[in-house]
$ cat query.pdb   # PDB, C-alpha atoms, pLDDT in the B column
ATOM      1  CA  MET Z 181     -19.793  -7.163  79.937  1.00 88.00           C
ATOM      2  CA  ILE Z 182     -18.885  -3.922  78.151  1.00 93.00           C
ATOM      3  CA  GLU Z 183     -18.723  -4.416  74.368  1.00 96.00           C
ATOM      4  CA  TYR Z 184     -17.613  -0.887  73.488  1.00 97.00           C
ATOM      5  CA  VAL Z 185     -17.589   2.689  74.749  1.00 97.00           C
ATOM      6  CA  SER Z 186     -18.639   5.550  72.539  1.00 97.00           C
ATOM      7  CA  GLY Z 187     -18.362   9.214  73.405  1.00 97.00           C
ATOM      8  CA  ARG Z 188     -16.144  12.278  73.536  1.00 97.00           C
ATOM      9  CA  LEU Z 189     -12.393  11.757  73.723  1.00 97.00           C
ATOM     10  CA  GLU Z 190     -11.382  13.811  76.764  1.00 97.00           C
ATOM     11  CA  GLU Z 191      -7.748  12.768  77.209  1.00 96.00           C
ATOM     12  CA  LEU Z 192      -5.281  10.886  75.032  1.00 94.00           C
ATOM     13  CA  THR Z 193      -1.728   9.630  75.577  1.00 91.00           C
ATOM     14  CA  PRO Z 194       0.104   6.907  73.611  1.00 86.00           C
ATOM     15  CA  THR Z 195      -0.985   4.354  76.248  1.00 91.00           C
ATOM     16  CA  MET Z 196      -4.304   5.671  77.614  1.00 95.00           C
ATOM     17  CA  ALA Z 197      -7.563   7.140  76.306  1.00 97.00           C
ATOM     18  CA  VAL Z 198     -10.263   8.688  78.493  1.00 98.00           C
ATOM     19  CA  VAL Z 199     -13.694   8.597  76.848  1.00 98.00           C
ATOM     20  CA  ASP Z 200     -16.611  10.558  78.331  1.00 98.00           C
ATOM     21  CA  CYS Z 201     -19.824   8.528  78.022  1.00 96.00           C
ATOM     22  CA  ASN Z 202     -22.757  10.585  79.329  1.00 94.00           C
ATOM     23  CA  GLY Z 203     -20.714  12.138  82.126  1.00 96.00           C
ATOM     24  CA  VAL Z 204     -18.734   9.033  83.074  1.00 96.00           C
ATOM     25  CA  GLY Z 205     -15.054   9.006  82.060  1.00 97.00           C
ATOM     26  CA  TYR Z 206     -13.751   5.570  81.082  1.00 97.00           C
ATOM     27  CA  GLY Z 207      -9.958   5.171  81.182  1.00 97.00           C
ATOM     28  CA  LEU Z 208      -8.864   2.600  78.620  1.00 98.00           C
ATOM     29  CA  ASN Z 209      -5.387   1.182  78.061  1.00 97.00           C
ATOM     30  CA  ILE Z 210      -4.581   1.389  74.344  1.00 95.00           C
ATOM     31  CA  SER Z 211      -1.886   0.414  71.835  1.00 91.00           C
ATOM     32  CA  LEU Z 212      -0.011   2.850  69.581  1.00 87.00           C
ATOM     33  CA  GLY Z 213      -2.154   1.569  66.689  1.00 87.00           C
ATOM     34  CA  THR Z 214      -5.338   2.678  68.437  1.00 92.00           C
ATOM     35  CA  TYR Z 215      -3.639   5.914  69.530  1.00 90.00           C
ATOM     36  CA  SER Z 216      -2.879   6.739  65.880  1.00 85.00           C
ATOM     37  CA  ALA Z 217      -6.416   5.773  64.805  1.00 90.00           C
ATOM     38  CA  VAL Z 218      -8.177   8.103  67.265  1.00 93.00           C
ATOM     39  CA  GLN Z 219      -5.680  10.976  67.411  1.00 88.00           C
ATOM     40  CA  GLY Z 220      -7.277  14.257  66.389  1.00 90.00           C
ATOM     41  CA  LYS Z 221     -10.839  12.914  66.703  1.00 95.00           C
ATOM     42  CA  ARG Z 222     -13.457  14.477  68.969  1.00 95.00           C
ATOM     43  CA  ASP Z 223     -15.856  11.524  69.202  1.00 97.00           C
ATOM     44  CA  VAL Z 224     -14.622   7.935  69.288  1.00 97.00           C
ATOM     45  CA  LYS Z 225     -15.871   4.375  69.590  1.00 97.00           C
ATOM     46  CA  LEU Z 226     -13.491   1.878  71.205  1.00 98.00           C
ATOM     47  CA  PHE Z 227     -14.116  -1.851  71.530  1.00 98.00           C
ATOM     48  CA  VAL Z 228     -13.473  -3.015  75.073  1.00 97.00           C
ATOM     49  CA  TYR Z 229     -11.903  -5.950  76.877  1.00 97.00           C
ATOM     50  CA  GLU Z 230     -12.383  -6.012  80.656  1.00 95.00           C
ATOM     51  CA  VAL Z 231      -9.868  -7.527  83.055  1.00 92.00           C
ATOM     52  CA  ILE Z 232     -11.442  -8.046  86.476  1.00 90.00           C
ATOM     53  CA  ARG Z 233      -9.209  -9.268  89.288  1.00 88.00           C
ATOM     54  CA  GLU Z 234      -9.367  -9.207  93.072  1.00 90.00           C
ATOM     55  CA  ASP Z 235      -7.045  -6.227  93.234  1.00 92.00           C
ATOM     56  CA  ALA Z 236      -7.757  -4.467  89.938  1.00 89.00           C
ATOM     57  CA  TYR Z 237     -10.386  -3.620  87.329  1.00 93.00           C
ATOM     58  CA  THR Z 238      -8.788  -2.673  84.022  1.00 96.00           C
ATOM     59  CA  LEU Z 239     -10.279  -1.707  80.663  1.00 97.00           C
ATOM     60  CA  TRP Z 240      -8.438  -2.191  77.389  1.00 97.00           C
ATOM     61  CA  GLY Z 241      -9.643  -0.237  74.339  1.00 98.00           C
ATOM     62  CA  PHE Z 242      -9.224  -1.058  70.651  1.00 97.00           C
ATOM     63  CA  ALA Z 243      -9.989   0.914  67.494  1.00 95.00           C
ATOM     64  CA  THR Z 244     -11.176  -2.255  65.716  1.00 93.00           C
ATOM     65  CA  ARG Z 245     -12.635  -5.644  66.594  1.00 92.00           C
ATOM     66  CA  SER Z 246      -9.695  -7.228  64.748  1.00 90.00           C
ATOM     67  CA  GLU Z 247      -7.188  -5.634  67.098  1.00 94.00           C
ATOM     68  CA  ARG Z 248      -9.183  -6.773  70.133  1.00 95.00           C
ATOM     69  CA  GLU Z 249      -9.396 -10.340  68.816  1.00 94.00           C
ATOM     70  CA  LEU Z 250      -5.630 -10.421  68.221  1.00 95.00           C
ATOM     71  CA  PHE Z 251      -5.064  -9.061  71.752  1.00 96.00           C
ATOM     72  CA  LEU Z 252      -7.152 -11.933  73.177  1.00 96.00           C
ATOM     73  CA  GLN Z 253      -5.260 -14.475  71.062  1.00 96.00           C
ATOM     74  CA  LEU Z 254      -1.888 -13.059  72.126  1.00 97.00           C
ATOM     75  CA  THR Z 255      -2.766 -13.118  75.835  1.00 96.00           C
ATOM     76  CA  SER Z 256      -3.812 -16.771  75.481  1.00 96.00           C
ATOM     77  CA  VAL Z 257      -0.166 -17.645  74.718  1.00 96.00           C
ATOM     78  CA  SER Z 258       1.817 -18.752  77.788  1.00 94.00           C
ATOM     79  CA  GLY Z 259       4.140 -15.979  78.961  1.00 93.00           C
ATOM     80  CA  ILE Z 260       2.394 -13.194  77.009  1.00 95.00           C
ATOM     81  CA  GLY Z 261       0.539 -10.826  79.332  1.00 93.00           C
ATOM     82  CA  ALA Z 262      -1.639  -7.835  78.521  1.00 93.00           C
ATOM     83  CA  ALA Z 263       1.287  -5.365  78.580  1.00 92.00           C
ATOM     84  CA  MET Z 264       3.350  -7.524  76.217  1.00 93.00           C
ATOM     85  CA  ALA Z 265       0.349  -7.995  73.891  1.00 95.00           C
ATOM     86  CA  ARG Z 266       0.026  -4.196  73.767  1.00 93.00           C
ATOM     87  CA  MET Z 267       3.720  -3.893  72.838  1.00 91.00           C
ATOM     88  CA  ILE Z 268       3.225  -6.354  69.960  1.00 93.00           C
ATOM     89  CA  LEU Z 269       0.085  -4.559  68.746  1.00 92.00           C
ATOM     90  CA  SER Z 270       1.965  -1.252  68.974  1.00 87.00           C
ATOM     91  CA  ALA Z 271       4.672  -2.621  66.688  1.00 86.00           C
ATOM     92  CA  PHE Z 272       2.335  -4.119  64.051  1.00 86.00           C
ATOM     93  CA  SER Z 273      -1.071  -3.329  62.583  1.00 85.00           C
ATOM     94  CA  PRO Z 274      -3.553  -6.259  62.798  1.00 88.00           C
ATOM     95  CA  GLY Z 275      -2.914  -7.107  59.129  1.00 85.00           C
ATOM     96  CA  GLU Z 276       0.858  -6.972  59.579  1.00 87.00           C
ATOM     97  CA  LEU Z 277       0.681  -9.183  62.680  1.00 91.00           C
ATOM     98  CA  VAL Z 278      -1.412 -11.776  60.857  1.00 90.00           C
ATOM     99  CA  ASP Z 279       1.185 -11.747  58.079  1.00 88.00           C
ATOM    100  CA  VAL Z 280       4.092 -12.058  60.551  1.00 90.00           C
ATOM    101  CA  ILE Z 281       2.518 -15.029  62.379  1.00 93.00           C
ATOM    102  CA  SER Z 282       1.188 -16.850  59.304  1.00 89.00           C
ATOM    103  CA  THR Z 283       4.584 -16.656  57.557  1.00 89.00           C
ATOM    104  CA  GLY Z 284       6.457 -17.675  60.735  1.00 92.00           C
ATOM    105  CA  ASN Z 285       8.500 -14.462  60.762  1.00 91.00           C
ATOM    106  CA  ASP Z 286      10.022 -14.863  64.242  1.00 92.00           C
ATOM    107  CA  ARG Z 287      12.691 -12.277  63.393  1.00 91.00           C
ATOM    108  CA  ALA Z 288      10.051  -9.543  63.150  1.00 89.00           C
ATOM    109  CA  LEU Z 289       8.472 -10.644  66.452  1.00 92.00           C
ATOM    110  CA  LYS Z 290      11.863 -10.669  68.195  1.00 90.00           C
ATOM    111  CA  SER Z 291      12.310  -7.020  67.203  1.00 85.00           C
ATOM    112  CA  VAL Z 292       9.562  -6.146  69.719  1.00 86.00           C
ATOM    113  CA  LYS Z 293      11.064  -5.097  73.060  1.00 81.00           C
ATOM    114  CA  GLY Z 294      10.746  -7.941  75.588  1.00 86.00           C
ATOM    115  CA  ILE Z 295      10.078 -10.718  73.062  1.00 91.00           C
ATOM    116  CA  GLY Z 296      12.843 -13.305  73.033  1.00 92.00           C
ATOM    117  CA  PRO Z 297      13.373 -16.237  70.642  1.00 94.00           C
ATOM    118  CA  LYS Z 298      11.300 -18.682  72.731  1.00 95.00           C
ATOM    119  CA  ALA Z 299       8.368 -16.292  73.157  1.00 95.00           C
ATOM    120  CA  ALA Z 300       8.381 -15.476  69.428  1.00 95.00           C
ATOM    121  CA  GLN Z 301       8.285 -19.185  68.547  1.00 95.00           C
ATOM    122  CA  ARG Z 302       5.472 -19.810  71.072  1.00 96.00           C
ATOM    123  CA  VAL Z 303       3.346 -17.045  69.541  1.00 96.00           C
ATOM    124  CA  ILE Z 304       3.859 -18.447  66.029  1.00 95.00           C
ATOM    125  CA  VAL Z 305       3.255 -22.102  66.981  1.00 95.00           C
ATOM    126  CA  ASP Z 306       0.216 -21.368  69.181  1.00 95.00           C
ATOM    127  CA  LEU Z 307      -1.495 -18.857  66.904  1.00 95.00           C
ATOM    128  CA  ARG Z 308      -0.579 -19.772  63.323  1.00 89.00           C
ATOM    129  CA  ASP Z 309      -3.692 -21.929  62.805  1.00 87.00           C
ATOM    130  CA  LYS Z 310      -5.998 -19.801  64.978  1.00 89.00           C
ATOM    131  CA  ILE Z 311      -5.409 -16.514  63.163  1.00 86.00           C
ATOM    132  CA  LEU Z 312      -6.481 -18.003  59.838  1.00 77.00           C
ATOM    133  CA  ALA Z 313     -10.006 -18.240  61.294  1.00 75.00           C
ATOM    134  CA  LEU Z 314     -10.005 -14.538  62.260  1.00 75.00           C
ATOM    135  CA  ASP Z 315     -11.844 -12.056  60.079  1.00 64.00           C
ATOM    136  CA  ILE Z 316      -8.847  -9.848  59.331  1.00 73.00           C
ATOM    137  CA  SER Z 317      -9.080  -7.900  56.079  1.00 53.00           C
ATOM    138  CA  PRO Z 318      -6.913  -9.570  53.396  1.00 40.00           C
ATOM    139  CA  ALA Z 319      -6.117  -6.100  52.058  1.00 37.00           C
ATOM    140  CA  ALA Z 320      -4.592  -5.163  55.413  1.00 42.00           C
ATOM    141  CA  ALA Z 321      -2.503  -8.337  55.423  1.00 39.00           C
ATOM    142  CA  SER Z 322      -1.348  -8.006  51.831  1.00 38.00           C
ATOM    143  CA  SER Z 323      -0.481  -4.326  52.201  1.00 39.00           C
ATOM    144  CA  SER Z 324       2.033  -5.252  54.898  1.00 38.00           C
ATOM    145  CA  ALA Z 325       4.375  -6.640  52.271  1.00 37.00           C
ATOM    146  CA  ALA Z 326       4.586  -3.210  50.679  1.00 38.00           C
ATOM    147  CA  THR Z 327       5.324  -1.538  54.022  1.00 44.00           C
ATOM    148  CA  ASN Z 328       7.751  -4.134  55.417  1.00 44.00           C
ATOM    149  CA  ILE Z 329      10.809  -1.997  54.669  1.00 42.00           C
ATOM    150  CA  ASN Z 330       9.292   1.024  56.426  1.00 67.00           C
ATOM    151  CA  THR Z 331       8.236  -1.151  59.380  1.00 76.00           C
ATOM    152  CA  GLU Z 332      11.769  -2.534  59.722  1.00 78.00           C
ATOM    153  CA  VAL Z 333      13.248   0.980  59.512  1.00 83.00           C
ATOM    154  CA  GLN Z 334      10.712   2.217  62.056  1.00 83.00           C
ATOM    155  CA  GLN Z 335      11.444  -0.608  64.513  1.00 82.00           C
ATOM    156  CA  GLU Z 336      15.200  -0.168  64.127  1.00 83.00           C
ATOM    157  CA  ALA Z 337      14.928   3.569  64.797  1.00 86.00           C
ATOM    158  CA  VAL Z 338      12.648   3.101  67.834  1.00 85.00           C
ATOM    159  CA  ALA Z 339      14.976   0.404  69.216  1.00 84.00           C
ATOM    160  CA  ALA Z 340      17.959   2.746  68.821  1.00 83.00           C
ATOM    161  CA  LEU Z 341      16.132   5.618  70.526  1.00 83.00           C
ATOM    162  CA  THR Z 342      15.061   3.295  73.355  1.00 81.00           C
ATOM    163  CA  MET Z 343      18.689   2.238  73.864  1.00 78.00           C
ATOM    164  CA  LEU Z 344      19.590   5.930  74.018  1.00 79.00           C
ATOM    165  CA  GLY Z 345      17.234   6.272  76.979  1.00 79.00           C
ATOM    166  CA  PHE Z 346      14.034   7.590  75.384  1.00 81.00           C
ATOM    167  CA  SER Z 347      10.680   5.973  76.188  1.00 78.00           C
ATOM    168  CA  PRO Z 348       9.398   3.585  73.453  1.00 77.00           C
ATOM    169  CA  ALA Z 349       5.904   5.126  73.092  1.00 74.00           C
ATOM    170  CA  PRO Z 350       6.923   8.766  72.368  1.00 78.00           C
ATOM    171  CA  SER Z 351       9.812   7.501  70.221  1.00 85.00           C
ATOM    172  CA  ALA Z 352       7.444   5.372  68.115  1.00 83.00           C
ATOM    173  CA  LYS Z 353       5.062   8.307  67.712  1.00 82.00           C
ATOM    174  CA  VAL Z 354       7.790  10.679  66.482  1.00 86.00           C
ATOM    175  CA  VAL Z 355       9.362   8.058  64.191  1.00 88.00           C
ATOM    176  CA  GLY Z 356       5.949   7.151  62.750  1.00 84.00           C
ATOM    177  CA  LYS Z 357       5.207  10.811  62.024  1.00 84.00           C
ATOM    178  CA  LEU Z 358       8.569  11.303  60.290  1.00 89.00           C
ATOM    179  CA  LEU Z 359       8.118   8.174  58.174  1.00 87.00           C
ATOM    180  CA  THR Z 360       4.632   9.275  57.140  1.00 84.00           C
ATOM    181  CA  GLU Z 361       6.121  12.519  55.834  1.00 84.00           C
ATOM    182  CA  GLU Z 362       9.175  10.851  54.237  1.00 86.00           C
ATOM    183  CA  PRO Z 363       8.624   7.078  53.746  1.00 85.00           C
ATOM    184  CA  ASP Z 364      12.059   6.470  52.168  1.00 85.00           C
ATOM    185  CA  MET Z 365      14.105   8.094  54.940  1.00 86.00           C
ATOM    186  CA  ALA Z 366      17.248   6.182  55.987  1.00 85.00           C
ATOM    187  CA  VAL Z 367      17.531   4.904  59.567  1.00 84.00           C
ATOM    188  CA  GLU Z 368      20.436   7.190  60.516  1.00 82.00           C
ATOM    189  CA  GLN Z 369      18.650  10.296  59.206  1.00 86.00           C
ATOM    190  CA  LEU Z 370      15.434   9.184  60.915  1.00 88.00           C
ATOM    191  CA  ILE Z 371      17.175   8.826  64.290  1.00 86.00           C
ATOM    192  CA  LYS Z 372      18.892  12.231  63.963  1.00 84.00           C
ATOM    193  CA  LYS Z 373      15.612  13.990  63.148  1.00 86.00           C
ATOM    194  CA  ALA Z 374      13.758  12.154  65.922  1.00 86.00           C
ATOM    195  CA  LEU Z 375      16.409  13.200  68.478  1.00 85.00           C
ATOM    196  CA  LYS Z 376      15.662  16.853  67.681  1.00 80.00           C
ATOM    197  CA  MET Z 377      11.939  16.326  68.240  1.00 82.00           C
ATOM    198  CA  LEU Z 378      12.068  14.265  71.458  1.00 74.00           C
TER
END
$ encode --input "query.pdb" --output "structure tokens"
Amino acid sequence: MIEYVSGRLEELTPTMAVVDCNGVGYGLNISLGTYSAVQGKRDVKLFVYEVIREDAYTLWGFATRSERELFLQLTSVSGIGAAMARMILSAFSPGELVDVISTGNDRALKSVKGIGPKAAQRVIVDLRDKILALDISPAAASSSAATNINTEVQQEAVAALTMLGFSPAPSAKVVGKLLTEEPDMAVEQLIKKALKML
């Protein structure tokens, strides 16, 4: 079992990181959260989850153990596969996701593309008790309250851009960058600026 890979970051896209470990390049599927965490870095350490099937061998990489643990919990829920778990982890930081599930905020979960009312309820019911046992930093969870407005604005803007035909990953990256520069930007202004950058 591979616990983590550590080495030079050779390639990076919003969904994939290639890490060179002593001459071997490991391609790891990543979330937007991990993408943001490693962007601009030369050397990285990513925690790994291996999926070995008859027809495929896939590696998933995570910037933190917390994100990996949440990924495993999400994929344990009926109807939530690895790709959907990545979408959820791209929409929320580990602390924010813990907050969303523990408070039963199905509305926030439904804002993730592909998550319907039933799936959102399943995630909350199945994981509400389990996530309390996870070692997720309370500071990360409590800080989500302060950033809820920005998260809602971000999700609304990404959803609008997706409906306009742009891919979710690049849209989220551009919107996130704009909100970092101007946290109080209105949704309409955010979408207009993002359209010029996409």
$ resolve_selection --input "query.pdb" --expression "the PyMOL selection byres ((chain Z and resi 196-208) around 8)" --output "PyMOL selection string"
chain Z and resi 185-195+209-210+215+224+238-241
$ resolve_selection --input "query.pdb" --expression "the PyMOL selection byres ((chain Z and resi 227) around 10)" --output "VMD selection string"
chain Z and resid 182 to 186 208 225 to 226 228 to 229 239 to 248
$ atom_distance --input "query.pdb" --atom1 "CA of Ser347 (chain Z)" --atom2 "CA of Val280 (chain Z)"
24.8 Å
$ closest_residue --input "query.pdb" --among "Z:Lys298, Z:Ala288, Z:Ala217, Z:Met377" --to "Ser351 (chain Z)" --atoms "only C-alpha atoms"
Z:Met377
$ atom_distance --input "query.pdb" --atom1 "CA of Leu359 (chain Z)" --atom2 "CA of Pro297 (chain Z)"
27.9 Å
